[in-house]
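A short write-up of the structure that comes next.
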Amino acid sequence: MKNLLIAFFAIFITLPGLCADAPSGDTPLPQPRVSIFSTSTDWEALTGLRYSEYRGNFIPSSNIIGRGLVLYYLDGFPCYGLGEGVRIWIGPNNKHDGELRIACLYAPTEIKFTWRNATRDADQAQSTGILTCPVDSDGRDLTIELSQCEKGPDWDEYK
């Protein structure tokens, strides 16, 4: 009888704690945390190749530039963007602000940007989507002909 009473009290004491941990219908389940980190610093060690700096030159196209085109380079193997060299504004009449500067293990044949149409001094705002561009290289100089770029889906289409 004494053992039965001890078992009853043990269950009575631990049961509320067990029930408190169970999610109720009103309590949202915890979301997993996402950790974002760059692996670009390991590419030299992983491939045995060395980084070199490349600079991009754009050949404008009126059908995509409009009143101005803001591009942000998207890091991707074999390259990553260098500091201020990832934002470029290209305007009508071959005006531009910024310069594409990237570090690469070898010259890329394709690069991606986020893009949006905006005037030169427009505030930073959400971009429209991804622009994928073929690249021609001559040594460390890259040429991106904007008329050859393909617009990907807009961001809201990724949902």
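So you can find residues: chains in the structure tokens are A, B, ... in the order shown, residues in each start at 1, and ligands are numbered from 1 in order.
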Might you pull out every residue within 8 Å of Ile144 (chain A), with only C-alpha atoms counted and same-chain residues fewer than 5 positions away left off, and present them as number ranges by chain?
A: 56-59, 133-136
Write the residues of the selection above to a file with all heavy atoms, as a compact mmCIF listing (two decimals), in the first residue's frame.
```txt
# COMPACT_ATOMS: atom_id res chain seq x y z
N GLY A 56 33.72 43.86 -64.49
CA GLY A 56 32.69 43.72 -65.50
C GLY A 56 32.42 44.98 -66.28
O GLY A 56 32.40 46.08 -65.71
N ASN A 57 32.24 44.84 -67.56
CA ASN A 57 31.84 45.92 -68.46
C ASN A 57 30.49 45.54 -69.06
O ASN A 57 30.30 44.40 -69.50
CB ASN A 57 32.86 46.11 -69.58
CG ASN A 57 34.23 46.42 -69.03
OD1 ASN A 57 34.40 47.38 -68.30
ND2 ASN A 57 35.21 45.57 -69.35
N PHE A 58 29.57 46.49 -69.10
CA PHE A 58 28.22 46.22 -69.57
C PHE A 58 27.99 46.86 -70.93
O PHE A 58 28.39 48.00 -71.17
CB PHE A 58 27.19 46.75 -68.58
CG PHE A 58 27.21 46.02 -67.28
CD1 PHE A 58 28.04 46.44 -66.24
CD2 PHE A 58 26.42 44.90 -67.07
CE1 PHE A 58 28.08 45.77 -65.04
CE2 PHE A 58 26.45 44.21 -65.87
CZ PHE A 58 27.29 44.65 -64.86
N ILE A 59 27.34 46.12 -71.81
CA ILE A 59 26.87 46.65 -73.08
C ILE A 59 25.37 46.86 -72.88
O ILE A 59 24.61 45.90 -72.72
CB ILE A 59 27.15 45.70 -74.25
CG1 ILE A 59 28.67 45.50 -74.40
CG2 ILE A 59 26.52 46.23 -75.53
CD1 ILE A 59 29.06 44.47 -75.43
N CYS A 133 22.83 36.33 -66.85
CA CYS A 133 23.53 36.90 -68.00
C CYS A 133 24.72 36.04 -68.42
O CYS A 133 25.54 35.67 -67.58
CB CYS A 133 24.05 38.29 -67.67
SG CYS A 133 22.76 39.45 -67.15
N PRO A 134 24.84 35.77 -69.73
CA PRO A 134 26.07 35.13 -70.21
C PRO A 134 27.22 36.13 -70.15
O PRO A 134 27.01 37.35 -70.23
CB PRO A 134 25.73 34.75 -71.65
CG PRO A 134 24.61 35.64 -72.04
CD PRO A 134 23.88 36.02 -70.79
N VAL A 135 28.43 35.63 -70.00
CA VAL A 135 29.60 36.48 -69.84
C VAL A 135 30.67 36.08 -70.85
O VAL A 135 30.95 34.89 -71.02
CB VAL A 135 30.18 36.34 -68.41
CG1 VAL A 135 31.45 37.14 -68.24
CG2 VAL A 135 29.15 36.74 -67.37
N ASP A 136 31.25 37.06 -71.50
CA ASP A 136 32.44 36.85 -72.33
C ASP A 136 33.61 37.39 -71.54
O ASP A 136 33.50 38.41 -70.86
CB ASP A 136 32.33 37.60 -73.67
CG ASP A 136 31.30 36.97 -74.60
OD1 ASP A 136 31.18 35.73 -74.59
OD2 ASP A 136 30.63 37.72 -75.32
```
Can you tell me which residues surround Gly85 (chain A) at a distance of at most 9 Å, considering only C-alpha atoms, apart from same-chain residues fewer than 5 positions away, and format the answer as a PyMOL selection string?
chain A and resi 55+72-73+98-102
What does the structure give for the distance between CA of Leu74 (chain A) and CA of Lys159 (chain A), in Å to one decimal?
19.6 Å
Computed interatomic separation between CA of Asp123 (chain A) and CA of Asp154 (chain A) (Å):
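It comes out at 19.8 Å.
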Can you pull out the residues contacting Cys79 (chain A)? Cut-off 9 Å, using only C-alpha atoms, and skip same-chain residues under 2 positions away; I want them as number ranges by chain.
A: 40, 51, 75-77, 81, 102-108, 111
Point out the residue among A:Gly68, A:Pro28, A:Pro153, A:Pro78 with the least atom-to-atom distance to Asn93 (chain A), counting only C-alpha atoms.
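The closest residue to Asn93 (chain A) is A:Gly68.
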Using only C-alpha atoms, find the one residue out of A:Gly83, A:Asp138, A:Lys151, A:Val70 that sits nearest to Ala118 (chain A).
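For Ala118 (chain A), the nearest of the candidates is A:Val70.
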If you count only C-alpha atoms, which residues fall within 12 Å of Glu157 (chain A), apart from same-chain ones fewer than 6 positions away, as a compact mmCIF listing (two decimals) with all heavy atoms, in the first residue's frame?
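Done, and the output landed in selection_0.txt:
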```
# COMPACT_ATOMS: atom_id res chain seq x y z
N THR A 128 13.26 43.27 -58.23
CA THR A 128 12.16 42.61 -58.92
C THR A 128 12.35 41.10 -59.00
O THR A 128 11.42 40.35 -58.78
CB THR A 128 12.03 43.20 -60.34
OG1 THR A 128 11.87 44.62 -60.22
CG2 THR A 128 10.84 42.61 -61.07
N GLY A 129 13.55 40.66 -59.33
CA GLY A 129 13.81 39.23 -59.50
C GLY A 129 15.25 38.98 -59.90
O GLY A 129 16.12 39.81 -59.64
N ILE A 130 15.49 37.86 -60.54
CA ILE A 130 16.84 37.47 -60.94
C ILE A 130 17.03 37.70 -62.44
O ILE A 130 16.14 37.42 -63.24
CB ILE A 130 17.11 35.99 -60.60
CG1 ILE A 130 17.16 35.80 -59.09
CG2 ILE A 130 18.42 35.51 -61.22
CD1 ILE A 130 17.39 34.37 -58.65
```
